[in-house]
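Chemist: Quick one: the structure is below, questions incoming.
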Amino acid sequence: MTAVNVLVNSPSGTIQLTRPDQRNALDRSAVEQISQAFFDLHQEKKVRGVILTASGTDFCAGLDLKEMHQTASGDPNSALGAWHDDWTQLRDLLETMLRFPKPIIAAIDGTALGAGLGLALAADLIVAAPSATFGVPAVRRGLISGVVSPLLCFRSGGKTAARMMLTGQSIDAQEALRLNLIDEIVDADKIWVRANELVAECAAAPAEAIQLSKRLLNETIGEMLLTQMSVGAAMGATACTTEAAAEGLAAFKEKREPNWP
């Protein structure tokens, strides 16, 4: 099943998540397809920047918990390897975005949760609709946002990250703007247009200067970010093997409140 559409409208290329019935949740196939889309747009010379957006009422609800529950319900001897592969793939996707030589603008309408928030934070700029919401609810499922947490700290500071990670509560667009988590709020029907305008503004500069600026921001100023994301991926995989995670995922599957061990 196709999880993304890729469009080119020079100077921008657009990656659109297309699993609205699953709230654009990221299963293994979706992560692979998004990674491939960035590779393809990297090669497209007339694309000077990428807009990451989504169809439906959600930007991205995070990792696909149904797929995660299937892994948790399988052979426990192979589960840890599967978790490690899943978290490594997610980390690699977000690292691809951070190292991507062209500016990435996330255009968000609806919810951006967990790994979906990670996608937004791995972008260079975020334009959001007034109805957008942001959160890292992993703790409420007995999990942790291992790869997203370093990005959240990098973009908005440890205090904001602690509040969002420990409570699991979501914040609205106005609060996200106040916390410098996003850059602009625009009407829902104008978020792609505004993102495209930002790509055009960036395209006024030479590609080499943009690429070096991104390296300065994400690899020099954020020199520990990639290491922290790797550690976070390992911790995220380990957290998936706990009894709490098994109960949290089962409760999600069964549409009930968890009974924590």
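Note on naming: chains are A, B, ... as they come in the structure tokens, residues start from 1 per chain, ligands start from 1 in the order shown.
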Pull the alpha helix (DSSP H) assignments for stretch 23-255 of chain A out of DSSP run on the backbone, and list those residues as a compact mmCIF listing (two decimals) with N, CA, C and O atoms, in the first residue's frame.
Modeler:
# COMPACT_ATOMS: atom_id res chain seq x y z
N ARG A 28 6.14 0.03 9.33
CA ARG A 28 7.47 -0.16 8.74
C ARG A 28 7.51 0.28 7.29
O ARG A 28 8.48 0.91 6.84
N SER A 29 6.46 -0.03 6.55
CA SER A 29 6.42 0.34 5.14
C SER A 29 6.42 1.85 4.96
O SER A 29 7.09 2.39 4.08
N ALA A 30 5.66 2.55 5.80
CA ALA A 30 5.59 4.01 5.69
C ALA A 30 6.96 4.64 5.95
O ALA A 30 7.37 5.56 5.24
N VAL A 31 7.68 4.16 6.96
CA VAL A 31 9.00 4.70 7.26
C VAL A 31 9.93 4.50 6.06
O VAL A 31 10.67 5.41 5.67
N GLU A 32 9.88 3.32 5.45
CA GLU A 32 10.71 3.05 4.28
C GLU A 32 10.34 3.96 3.11
O GLU A 32 11.22 4.49 2.41
N GLN A 33 9.04 4.15 2.90
CA GLN A 33 8.60 4.96 1.76
C GLN A 33 8.94 6.44 1.94
O GLN A 33 9.30 7.13 0.98
N ILE A 34 8.84 6.94 3.17
CA ILE A 34 9.23 8.34 3.42
C ILE A 34 10.73 8.51 3.19
O ILE A 34 11.17 9.49 2.59
N SER A 35 11.51 7.55 3.66
CA SER A 35 12.96 7.61 3.44
C SER A 35 13.29 7.62 1.96
O SER A 35 14.14 8.40 1.51
N GLN A 36 12.60 6.77 1.19
CA GLN A 36 12.84 6.73 -0.25
C GLN A 36 12.44 8.04 -0.92
O GLN A 36 13.11 8.51 -1.84
N ALA A 37 11.34 8.64 -0.44
CA ALA A 37 10.88 9.90 -1.01
C ALA A 37 11.92 10.99 -0.81
O ALA A 37 12.19 11.79 -1.73
N PHE A 38 12.55 11.04 0.37
CA PHE A 38 13.60 12.04 0.59
C PHE A 38 14.80 11.76 -0.31
O PHE A 38 15.41 12.70 -0.84
N PHE A 39 15.12 10.49 -0.51
CA PHE A 39 16.23 10.16 -1.42
C PHE A 39 15.92 10.65 -2.83
O PHE A 39 16.78 11.25 -3.49
N ASP A 40 14.70 10.40 -3.28
CA ASP A 40 14.33 10.81 -4.64
C ASP A 40 14.37 12.33 -4.80
O ASP A 40 14.85 12.84 -5.83
N LEU A 41 13.87 13.06 -3.81
CA LEU A 41 13.85 14.52 -3.91
C LEU A 41 15.25 15.11 -3.73
O LEU A 41 15.52 16.21 -4.21
N HIS A 42 16.11 14.39 -3.03
CA HIS A 42 17.52 14.81 -2.93
C HIS A 42 18.14 14.83 -4.33
O HIS A 42 18.91 15.74 -4.67
N GLN A 43 17.78 13.85 -5.15
CA GLN A 43 18.36 13.75 -6.48
C GLN A 43 17.74 14.73 -7.49
O GLN A 43 18.33 15.00 -8.53
N LEU A 65 0.55 1.53 16.38
CA LEU A 65 0.45 0.70 17.59
C LEU A 65 -0.11 -0.68 17.30
O LEU A 65 0.17 -1.63 18.02
N LYS A 66 -0.91 -0.81 16.25
CA LYS A 66 -1.42 -2.14 15.87
C LYS A 66 -0.26 -3.03 15.44
O LYS A 66 -0.19 -4.21 15.82
N GLU A 67 0.63 -2.50 14.64
CA GLU A 67 1.80 -3.26 14.22
C GLU A 67 2.70 -3.57 15.42
O GLU A 67 3.23 -4.68 15.54
N MET A 68 2.84 -2.60 16.32
CA MET A 68 3.64 -2.82 17.52
C MET A 68 3.04 -3.91 18.39
O MET A 68 3.76 -4.74 18.97
N HIS A 69 1.70 -3.95 18.49
CA HIS A 69 1.04 -4.98 19.28
C HIS A 69 1.28 -6.35 18.67
O HIS A 69 1.47 -7.35 19.40
N GLN A 70 1.30 -6.44 17.34
CA GLN A 70 1.58 -7.72 16.69
C GLN A 70 2.98 -8.21 17.04
O GLN A 70 3.19 -9.40 17.31
N THR A 71 3.94 -7.30 17.06
CA THR A 71 5.30 -7.67 17.43
C THR A 71 5.35 -8.14 18.88
O THR A 71 5.97 -9.16 19.20
N ALA A 72 4.65 -7.41 19.76
CA ALA A 72 4.65 -7.76 21.18
C ALA A 72 3.97 -9.10 21.43
O ALA A 72 4.29 -9.79 22.40
N PRO A 76 8.75 -13.98 21.78
CA PRO A 76 9.53 -13.04 22.60
C PRO A 76 11.02 -13.10 22.31
O PRO A 76 11.74 -12.12 22.54
N ASN A 77 11.49 -14.24 21.79
CA ASN A 77 12.92 -14.36 21.52
C ASN A 77 13.35 -13.50 20.33
O ASN A 77 14.51 -13.11 20.23
N SER A 78 12.42 -13.23 19.43
CA SER A 78 12.76 -12.42 18.26
C SER A 78 12.26 -10.98 18.39
O SER A 78 12.60 -10.13 17.56
N ALA A 79 11.45 -10.73 19.43
CA ALA A 79 10.84 -9.41 19.56
C ALA A 79 11.88 -8.30 19.74
O ALA A 79 11.77 -7.25 19.12
N LEU A 80 12.89 -8.54 20.58
CA LEU A 80 13.88 -7.48 20.84
C LEU A 80 14.59 -7.08 19.56
O LEU A 80 14.80 -5.89 19.30
N GLY A 81 14.93 -8.08 18.72
CA GLY A 81 15.56 -7.76 17.44
C GLY A 81 14.65 -6.94 16.55
O GLY A 81 15.10 -6.01 15.88
N ALA A 82 13.36 -7.28 16.56
CA ALA A 82 12.39 -6.53 15.76
C ALA A 82 12.25 -5.11 16.28
O ALA A 82 12.21 -4.15 15.49
N TRP A 83 12.18 -4.95 17.60
CA TRP A 83 12.09 -3.60 18.17
C TRP A 83 13.32 -2.79 17.80
O TRP A 83 13.21 -1.61 17.44
N HIS A 84 14.49 -3.42 17.92
CA HIS A 84 15.73 -2.71 17.59
C HIS A 84 15.72 -2.24 16.14
O HIS A 84 16.08 -1.09 15.84
N ASP A 85 15.29 -3.12 15.24
CA ASP A 85 15.24 -2.74 13.82
C ASP A 85 14.27 -1.59 13.59
O ASP A 85 14.55 -0.65 12.82
N ASP A 86 13.11 -1.65 14.24
CA ASP A 86 12.09 -0.61 14.06
C ASP A 86 12.59 0.74 14.53
O ASP A 86 12.44 1.77 13.84
N TRP A 87 13.17 0.76 15.72
CA TRP A 87 13.65 2.04 16.27
C TRP A 87 14.85 2.56 15.49
O TRP A 87 15.00 3.77 15.32
N THR A 88 15.69 1.66 15.01
CA THR A 88 16.83 2.09 14.21
C THR A 88 16.36 2.70 12.89
O THR A 88 16.90 3.72 12.43
N GLN A 89 15.34 2.10 12.27
CA GLN A 89 14.80 2.66 11.02
C GLN A 89 14.22 4.05 11.24
O GLN A 89 14.42 4.94 10.41
N LEU A 90 13.51 4.23 12.35
CA LEU A 90 12.96 5.56 12.64
C LEU A 90 14.07 6.56 12.87
O LEU A 90 14.03 7.68 12.34
N ARG A 91 15.07 6.18 13.66
CA ARG A 91 16.21 7.08 13.89
C ARG A 91 16.88 7.43 12.58
O ARG A 91 17.23 8.60 12.33
N ASP A 92 17.07 6.44 11.71
CA ASP A 92 17.74 6.70 10.44
C ASP A 92 16.93 7.68 9.57
O ASP A 92 17.52 8.53 8.89
N LEU A 93 15.60 7.55 9.60
CA LEU A 93 14.77 8.48 8.83
C LEU A 93 14.93 9.90 9.35
O LEU A 93 15.14 10.85 8.57
N LEU A 94 14.86 10.08 10.67
CA LEU A 94 14.99 11.42 11.23
C LEU A 94 16.39 11.98 11.01
O LEU A 94 16.56 13.18 10.76
N GLU A 95 17.41 11.11 11.06
CA GLU A 95 18.77 11.57 10.77
C GLU A 95 18.89 11.97 9.31
O GLU A 95 19.58 12.97 8.99
N THR A 96 18.24 11.23 8.41
CA THR A 96 18.23 11.61 7.00
C THR A 96 17.68 13.02 6.82
O THR A 96 18.22 13.82 6.05
N MET A 97 16.62 13.32 7.55
CA MET A 97 16.02 14.65 7.45
C MET A 97 16.96 15.71 8.00
O MET A 97 17.12 16.79 7.42
N LEU A 98 17.61 15.43 9.13
CA LEU A 98 18.51 16.41 9.72
C LEU A 98 19.72 16.68 8.82
O LEU A 98 20.23 17.79 8.76
N ARG A 99 20.18 15.65 8.12
CA ARG A 99 21.33 15.78 7.23
C ARG A 99 20.93 16.17 5.80
O ARG A 99 21.81 16.41 4.97
N ALA A 115 6.17 9.80 17.19
CA ALA A 115 7.04 9.80 16.02
C ALA A 115 6.58 10.81 14.98
O ALA A 115 7.39 11.32 14.20
N GLY A 116 5.27 11.12 14.96
CA GLY A 116 4.78 12.17 14.07
C GLY A 116 5.32 13.53 14.46
O GLY A 116 5.68 14.34 13.60
N LEU A 117 5.41 13.78 15.77
CA LEU A 117 6.04 15.01 16.23
C LEU A 117 7.52 14.99 15.87
O LEU A 117 8.10 16.02 15.51
N GLY A 118 8.13 13.79 15.94
CA GLY A 118 9.53 13.67 15.54
C GLY A 118 9.76 14.07 14.10
O GLY A 118 10.73 14.76 13.78
N LEU A 119 8.85 13.67 13.21
CA LEU A 119 8.95 14.08 11.81
C LEU A 119 8.92 15.60 11.69
O LEU A 119 9.70 16.20 10.94
N ALA A 120 8.01 16.21 12.44
CA ALA A 120 7.90 17.67 12.39
C ALA A 120 9.17 18.34 12.92
O ALA A 120 9.68 19.29 12.33
N LEU A 121 9.69 17.83 14.03
CA LEU A 121 10.85 18.44 14.65
C LEU A 121 12.14 18.21 13.87
O LEU A 121 13.10 18.97 14.00
N ALA A 122 12.17 17.16 13.04
CA ALA A 122 13.34 16.93 12.19
C ALA A 122 13.33 17.85 10.98
O ALA A 122 14.34 17.98 10.29
N VAL A 148 12.48 10.72 19.71
CA VAL A 148 11.88 12.05 19.62
C VAL A 148 12.39 12.97 20.73
O VAL A 148 12.55 14.18 20.52
N SER A 149 12.65 12.41 21.90
CA SER A 149 13.03 13.21 23.06
C SER A 149 14.23 14.12 22.81
O SER A 149 14.18 15.31 23.16
N PRO A 150 15.34 13.62 22.23
CA PRO A 150 16.46 14.53 21.97
C PRO A 150 16.09 15.67 21.03
O PRO A 150 16.54 16.81 21.22
N LEU A 151 15.27 15.37 20.02
CA LEU A 151 14.84 16.43 19.10
C LEU A 151 14.00 17.47 19.82
O LEU A 151 14.14 18.67 19.58
N LEU A 152 13.12 17.01 20.71
CA LEU A 152 12.27 17.92 21.45
C LEU A 152 13.11 18.83 22.34
O LEU A 152 12.88 20.04 22.42
N CYS A 153 14.11 18.26 23.01
CA CYS A 153 15.02 19.07 23.83
C CYS A 153 15.81 20.05 22.97
O CYS A 153 15.99 21.21 23.34
N PHE A 154 16.28 19.59 21.82
CA PHE A 154 17.08 20.42 20.94
C PHE A 154 16.29 21.61 20.41
O PHE A 154 16.80 22.73 20.34
N ARG A 155 15.04 21.39 20.07
CA ARG A 155 14.23 22.44 19.47
C ARG A 155 13.62 23.38 20.50
O ARG A 155 13.51 24.59 20.25
N SER A 156 13.21 22.87 21.66
CA SER A 156 12.43 23.72 22.56
C SER A 156 12.92 23.73 24.00
O SER A 156 12.33 24.41 24.83
N GLY A 158 14.86 21.59 27.57
CA GLY A 158 14.59 20.47 28.46
C GLY A 158 13.32 20.61 29.27
O GLY A 158 12.65 19.62 29.56
N LYS A 159 12.97 21.84 29.66
CA LYS A 159 11.79 22.04 30.49
C LYS A 159 10.52 21.68 29.73
O LYS A 159 9.63 20.99 30.25
N THR A 160 10.42 22.15 28.49
CA THR A 160 9.27 21.81 27.66
C THR A 160 9.22 20.32 27.41
O THR A 160 8.15 19.69 27.48
N ALA A 161 10.37 19.72 27.12
CA ALA A 161 10.42 18.28 26.87
C ALA A 161 9.97 17.49 28.09
O ALA A 161 9.20 16.53 27.96
N ALA A 162 10.41 17.90 29.27
CA ALA A 162 10.01 17.19 30.49
C ALA A 162 8.51 17.25 30.70
O ALA A 162 7.86 16.24 31.01
N ARG A 163 7.94 18.42 30.52
CA ARG A 163 6.49 18.58 30.69
C ARG A 163 5.72 17.68 29.74
O ARG A 163 4.81 16.96 30.13
N MET A 164 6.11 17.69 28.46
CA MET A 164 5.36 16.95 27.46
C MET A 164 5.58 15.45 27.59
O MET A 164 4.65 14.64 27.44
N MET A 165 6.81 15.03 27.90
CA MET A 165 7.11 13.60 27.98
C MET A 165 6.55 12.95 29.23
O MET A 165 6.08 11.80 29.18
N LEU A 166 6.59 13.64 30.36
CA LEU A 166 6.17 13.03 31.62
C LEU A 166 4.67 13.05 31.81
O LEU A 166 4.11 12.13 32.43
N THR A 167 3.99 14.07 31.31
CA THR A 167 2.54 14.11 31.44
C THR A 167 1.83 13.39 30.31
O THR A 167 0.71 12.91 30.48
N ALA A 173 -1.80 24.67 19.10
CA ALA A 173 -0.89 25.43 18.24
C ALA A 173 -0.40 26.71 18.91
O ALA A 173 0.77 27.08 18.78
N GLN A 174 -1.29 27.41 19.61
CA GLN A 174 -0.89 28.66 20.27
C GLN A 174 0.16 28.41 21.33
O GLN A 174 1.14 29.15 21.45
N GLU A 175 -0.01 27.34 22.12
CA GLU A 175 0.98 27.01 23.14
C GLU A 175 2.29 26.56 22.48
O GLU A 175 3.38 26.91 22.95
N ALA A 176 2.19 25.81 21.41
CA ALA A 176 3.39 25.38 20.69
C ALA A 176 4.16 26.57 20.14
O ALA A 176 5.40 26.60 20.17
N LEU A 177 3.44 27.58 19.66
CA LEU A 177 4.10 28.79 19.17
C LEU A 177 4.77 29.54 20.32
O LEU A 177 5.91 30.01 20.18
N ARG A 178 4.10 29.62 21.45
CA ARG A 178 4.68 30.30 22.61
C ARG A 178 5.95 29.62 23.08
O ARG A 178 6.91 30.29 23.51
N ILE A 191 -1.67 26.43 4.66
CA ILE A 191 -0.40 25.95 5.23
C ILE A 191 0.57 25.50 4.14
O ILE A 191 1.78 25.77 4.23
N TRP A 192 0.07 24.81 3.09
CA TRP A 192 0.98 24.40 2.02
C TRP A 192 1.49 25.63 1.27
O TRP A 192 2.68 25.71 0.93
N VAL A 193 0.61 26.59 1.01
CA VAL A 193 1.00 27.81 0.29
C VAL A 193 2.09 28.54 1.05
O VAL A 193 3.10 28.97 0.48
N ARG A 194 1.90 28.66 2.37
CA ARG A 194 2.91 29.36 3.18
C ARG A 194 4.22 28.58 3.22
O ARG A 194 5.31 29.16 3.12
N ALA A 195 4.12 27.25 3.31
CA ALA A 195 5.33 26.44 3.29
C ALA A 195 6.07 26.60 1.97
O ALA A 195 7.31 26.69 1.93
N ASN A 196 5.33 26.66 0.88
CA ASN A 196 5.95 26.84 -0.43
C ASN A 196 6.61 28.22 -0.54
O ASN A 196 7.68 28.36 -1.15
N GLU A 197 5.99 29.23 0.07
CA GLU A 197 6.61 30.56 0.09
C GLU A 197 7.94 30.53 0.84
O GLU A 197 8.92 31.18 0.43
N LEU A 198 7.99 29.78 1.94
CA LEU A 198 9.23 29.68 2.71
C LEU A 198 10.31 28.96 1.92
O LEU A 198 11.49 29.33 1.98
N VAL A 199 9.91 27.91 1.18
CA VAL A 199 10.88 27.24 0.31
C VAL A 199 11.44 28.23 -0.72
O VAL A 199 12.65 28.28 -0.96
N ALA A 200 10.56 29.04 -1.30
CA ALA A 200 10.99 30.03 -2.29
C ALA A 200 11.95 31.05 -1.67
O ALA A 200 12.93 31.46 -2.32
N GLU A 201 11.67 31.46 -0.44
CA GLU A 201 12.57 32.40 0.24
C GLU A 201 13.94 31.78 0.43
O GLU A 201 14.97 32.43 0.22
N CYS A 202 13.97 30.50 0.84
CA CYS A 202 15.25 29.81 1.00
C CYS A 202 15.96 29.65 -0.35
O CYS A 202 17.20 29.74 -0.44
N ALA A 203 15.17 29.42 -1.41
CA ALA A 203 15.75 29.18 -2.74
C ALA A 203 16.40 30.42 -3.31
O ALA A 203 17.15 30.33 -4.30
N ALA A 207 22.40 27.05 -3.13
CA ALA A 207 22.21 25.76 -2.48
C ALA A 207 23.34 25.42 -1.52
O ALA A 207 23.13 24.84 -0.46
N GLU A 208 24.58 25.81 -1.88
CA GLU A 208 25.73 25.48 -1.03
C GLU A 208 25.63 26.17 0.33
O GLU A 208 25.97 25.58 1.36
N ALA A 209 25.17 27.43 0.32
CA ALA A 209 25.06 28.17 1.58
C ALA A 209 23.97 27.55 2.47
O ALA A 209 24.13 27.47 3.69
N ILE A 210 22.86 27.13 1.86
CA ILE A 210 21.79 26.48 2.62
C ILE A 210 22.29 25.18 3.23
O ILE A 210 22.07 24.89 4.41
N GLN A 211 22.99 24.38 2.45
CA GLN A 211 23.49 23.10 2.94
C GLN A 211 24.47 23.29 4.09
O GLN A 211 24.39 22.60 5.11
N LEU A 212 25.38 24.23 3.95
CA LEU A 212 26.35 24.48 5.03
C LEU A 212 25.67 25.02 6.28
O LEU A 212 26.05 24.70 7.41
N SER A 213 24.63 25.84 6.09
CA SER A 213 23.89 26.37 7.24
C SER A 213 23.20 25.24 8.00
O SER A 213 23.19 25.22 9.23
N LYS A 214 22.61 24.28 7.27
CA LYS A 214 21.97 23.15 7.92
C LYS A 214 23.00 22.30 8.67
O LYS A 214 22.74 21.83 9.78
N ARG A 215 24.16 22.11 8.08
CA ARG A 215 25.20 21.34 8.76
C ARG A 215 25.65 22.06 10.03
O ARG A 215 25.89 21.42 11.06
N LEU A 225 23.34 15.67 19.16
CA LEU A 225 21.96 15.27 18.86
C LEU A 225 21.89 13.88 18.25
O LEU A 225 21.08 13.05 18.69
N LEU A 226 22.72 13.59 17.26
CA LEU A 226 22.66 12.31 16.59
C LEU A 226 23.05 11.17 17.53
O LEU A 226 22.46 10.08 17.49
N THR A 227 24.03 11.42 18.39
CA THR A 227 24.41 10.41 19.39
C THR A 227 23.27 10.16 20.37
O THR A 227 22.96 9.01 20.71
N GLN A 228 22.64 11.24 20.81
CA GLN A 228 21.52 11.10 21.73
C GLN A 228 20.36 10.34 21.09
O GLN A 228 19.68 9.55 21.76
N MET A 229 20.13 10.56 19.81
CA MET A 229 19.06 9.84 19.12
C MET A 229 19.37 8.35 19.02
O MET A 229 18.47 7.51 19.13
N SER A 230 20.63 8.00 18.84
CA SER A 230 21.01 6.59 18.80
C SER A 230 20.80 5.93 20.16
O SER A 230 20.29 4.79 20.24
N VAL A 231 21.20 6.62 21.21
CA VAL A 231 20.96 6.10 22.57
C VAL A 231 19.46 5.98 22.82
O VAL A 231 18.98 4.98 23.38
N GLY A 232 18.72 6.99 22.39
CA GLY A 232 17.27 6.97 22.56
C GLY A 232 16.62 5.81 21.83
O GLY A 232 15.65 5.21 22.32
N ALA A 233 17.13 5.48 20.64
CA ALA A 233 16.59 4.34 19.89
C ALA A 233 16.79 3.05 20.65
O ALA A 233 15.87 2.20 20.72
N ALA A 234 17.97 2.87 21.25
CA ALA A 234 18.24 1.67 22.03
C ALA A 234 17.33 1.60 23.26
O ALA A 234 16.79 0.53 23.59
N MET A 235 17.15 2.72 23.93
CA MET A 235 16.29 2.75 25.10
C MET A 235 14.83 2.52 24.72
O MET A 235 14.08 1.84 25.43
N GLY A 236 14.41 3.09 23.58
CA GLY A 236 13.05 2.89 23.12
C GLY A 236 12.77 1.43 22.82
O GLY A 236 11.70 0.90 23.16
N ALA A 237 13.73 0.74 22.19
CA ALA A 237 13.57 -0.68 21.89
C ALA A 237 13.48 -1.50 23.17
O ALA A 237 12.65 -2.41 23.28
N THR A 238 14.32 -1.17 24.15
CA THR A 238 14.30 -1.90 25.42
C THR A 238 12.98 -1.69 26.15
O THR A 238 12.40 -2.64 26.70
N ALA A 239 12.46 -0.48 26.13
CA ALA A 239 11.20 -0.19 26.80
C ALA A 239 10.05 -1.00 26.22
O ALA A 239 9.11 -1.37 26.93
N GLU A 243 6.83 -5.44 30.68
CA GLU A 243 5.45 -5.83 30.94
C GLU A 243 4.52 -4.64 30.78
O GLU A 243 3.38 -4.79 30.31
N ALA A 244 4.98 -3.47 31.19
CA ALA A 244 4.15 -2.27 31.08
C ALA A 244 3.82 -1.98 29.61
O ALA A 244 2.69 -1.64 29.27
N ALA A 245 4.81 -2.11 28.74
CA ALA A 245 4.58 -1.87 27.32
C ALA A 245 3.59 -2.89 26.75
O ALA A 245 2.68 -2.53 25.99
N ALA A 246 3.75 -4.16 27.13
CA ALA A 246 2.82 -5.20 26.65
C ALA A 246 1.39 -4.88 27.07
O ALA A 246 0.45 -5.02 26.29
N GLU A 247 1.22 -4.43 28.31
CA GLU A 247 -0.11 -4.09 28.80
C GLU A 247 -0.64 -2.84 28.11
O GLU A 247 -1.83 -2.78 27.73
N GLY A 248 0.21 -1.85 27.92
CA GLY A 248 -0.23 -0.62 27.26
C GLY A 248 -0.69 -0.87 25.83
O GLY A 248 -1.71 -0.33 25.39
N LEU A 249 0.06 -1.70 25.10
CA LEU A 249 -0.31 -2.02 23.72
C LEU A 249 -1.57 -2.88 23.66
O LEU A 249 -2.42 -2.70 22.78
N ALA A 250 -1.69 -3.82 24.60
CA ALA A 250 -2.89 -4.65 24.65
C ALA A 250 -4.12 -3.81 24.95
O ALA A 250 -5.19 -4.00 24.36
N ALA A 251 -3.97 -2.86 25.87
CA ALA A 251 -5.10 -1.98 26.21
C ALA A 251 -5.52 -1.15 25.02
O ALA A 251 -6.72 -0.94 24.78
N PHE A 252 -4.55 -0.68 24.26
CA PHE A 252 -4.88 0.07 23.03
C PHE A 252 -5.64 -0.82 22.05
O PHE A 252 -6.66 -0.41 21.50
N LYS A 253 -5.15 -2.04 21.85
CA LYS A 253 -5.79 -2.96 20.91
C LYS A 253 -7.22 -3.28 21.35
O LYS A 253 -8.14 -3.38 20.52
N GLU A 254 -7.41 -3.43 22.66
CA GLU A 254 -8.72 -3.83 23.20
C GLU A 254 -9.60 -2.64 23.56
O GLU A 254 -10.70 -2.82 24.08
Chemist: What parts of stretch 15-96 of chain A does DSSP call strand (DSSP E)? I'd like the answer as a compact mmCIF listing (two decimals) with all heavy atoms, in the first residue's frame.
Modeler:
# COMPACT_ATOMS: atom_id res chain seq x y z
N ILE A 15 6.17 15.85 0.05
CA ILE A 15 5.93 14.49 0.51
C ILE A 15 4.65 14.53 1.35
O ILE A 15 4.60 15.19 2.39
CB ILE A 15 7.10 13.95 1.35
CG1 ILE A 15 8.39 13.94 0.53
CG2 ILE A 15 6.79 12.54 1.87
CD1 ILE A 15 9.62 13.57 1.34
N GLN A 16 3.63 13.84 0.89
CA GLN A 16 2.33 13.83 1.56
C GLN A 16 2.06 12.44 2.13
O GLN A 16 2.06 11.45 1.40
CB GLN A 16 1.21 14.22 0.60
CG GLN A 16 -0.17 14.27 1.24
CD GLN A 16 -1.26 14.50 0.22
OE1 GLN A 16 -1.25 13.91 -0.85
NE2 GLN A 16 -2.21 15.37 0.56
N LEU A 17 1.85 12.37 3.44
CA LEU A 17 1.48 11.10 4.06
C LEU A 17 0.04 10.76 3.66
O LEU A 17 -0.85 11.62 3.71
CB LEU A 17 1.59 11.19 5.59
CG LEU A 17 2.93 11.72 6.14
CD1 LEU A 17 2.93 11.65 7.66
CD2 LEU A 17 4.09 10.93 5.58
N GLY A 49 13.67 22.72 -1.96
CA GLY A 49 13.21 22.50 -0.59
C GLY A 49 12.05 21.52 -0.61
O GLY A 49 11.41 21.32 -1.64
N VAL A 50 11.79 20.90 0.54
CA VAL A 50 10.76 19.86 0.63
C VAL A 50 9.70 20.27 1.66
O VAL A 50 10.02 20.74 2.76
CB VAL A 50 11.37 18.51 1.03
CG1 VAL A 50 10.28 17.46 1.28
CG2 VAL A 50 12.33 18.02 -0.06
N ILE A 51 8.45 20.08 1.26
CA ILE A 51 7.31 20.30 2.17
C ILE A 51 6.81 18.93 2.62
O ILE A 51 6.52 18.07 1.78
CB ILE A 51 6.18 21.07 1.47
CG1 ILE A 51 6.69 22.44 1.00
CG2 ILE A 51 4.98 21.23 2.40
CD1 ILE A 51 5.73 23.15 0.07
N LEU A 52 6.73 18.72 3.91
CA LEU A 52 6.21 17.47 4.47
C LEU A 52 4.83 17.74 5.04
O LEU A 52 4.68 18.56 5.95
CB LEU A 52 7.15 16.94 5.56
CG LEU A 52 6.74 15.62 6.22
CD1 LEU A 52 6.70 14.48 5.21
CD2 LEU A 52 7.71 15.28 7.35
N THR A 53 3.82 17.08 4.49
CA THR A 53 2.44 17.32 4.92
C THR A 53 1.68 16.00 4.91
O THR A 53 2.28 14.93 4.74
CB THR A 53 1.78 18.39 4.02
OG1 THR A 53 0.52 18.76 4.56
CG2 THR A 53 1.61 17.89 2.60
N ALA A 54 0.35 16.06 5.08
CA ALA A 54 -0.42 14.82 5.19
C ALA A 54 -1.84 15.04 4.72
O ALA A 54 -2.37 16.15 4.75
CB ALA A 54 -0.41 14.32 6.64
Chemist: So, with only C-alpha atoms as the atoms that count, which of A:Val8, A:Ile108, A:Leu181, A:Val186 lies closest to A:Gly56?
Modeler: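 So, comparing all the options, the nearest one is A:Ile108.
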Chemist: Given the choices A:Asn180, A:Asn218, A:Thr57, A:Ser170, which gets closest to A:Ala123 if the distance is worked out from only C-alpha atoms?
Modeler: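 Closest candidate: A:Asn218.
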Chemist: Determine, counting only C-alpha atoms, which protein, DNA and RNA residues have an atom within 8 Å of an atom of A:Asp124; residues of the same chain fewer than 3 positions away are not included. Present the result as a list in words.
Modeler: Pro103, Ile104, Ile105, Ala106 and Leu121 of chain A
Chemist: Mind writing the picked residues with C-alpha atoms as a short mmCIF file (atom, residue, chain, number, x, y, z; two decimals), in the first residue's frame?
Modeler:
data_model
loop_
_atom_site.label_atom_id
_atom_site.label_comp_id
_atom_site.auth_asym_id
_atom_site.auth_seq_id
_atom_site.Cartn_x
_atom_site.Cartn_y
_atom_site.Cartn_z
CA PRO A 103 15.38 22.97 3.74
CA ILE A 104 12.40 20.93 4.96
CA ILE A 105 9.17 22.67 5.94
CA ALA A 106 6.55 20.70 7.88
CA LEU A 121 10.85 18.44 14.65
#
Chemist: Atom CA of A:Thr111 and atom CA of A:Arg23, how far apart in Å?
Modeler: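 Straight-line distance from atom CA of A:Arg23 to atom CA of A:Thr111 works out to 8.7 Å.
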Chemist: Atom CA of A:Ala132 and atom CA of A:Ala188, how far apart in Å?
Modeler: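 It comes out at 9.1 Å.
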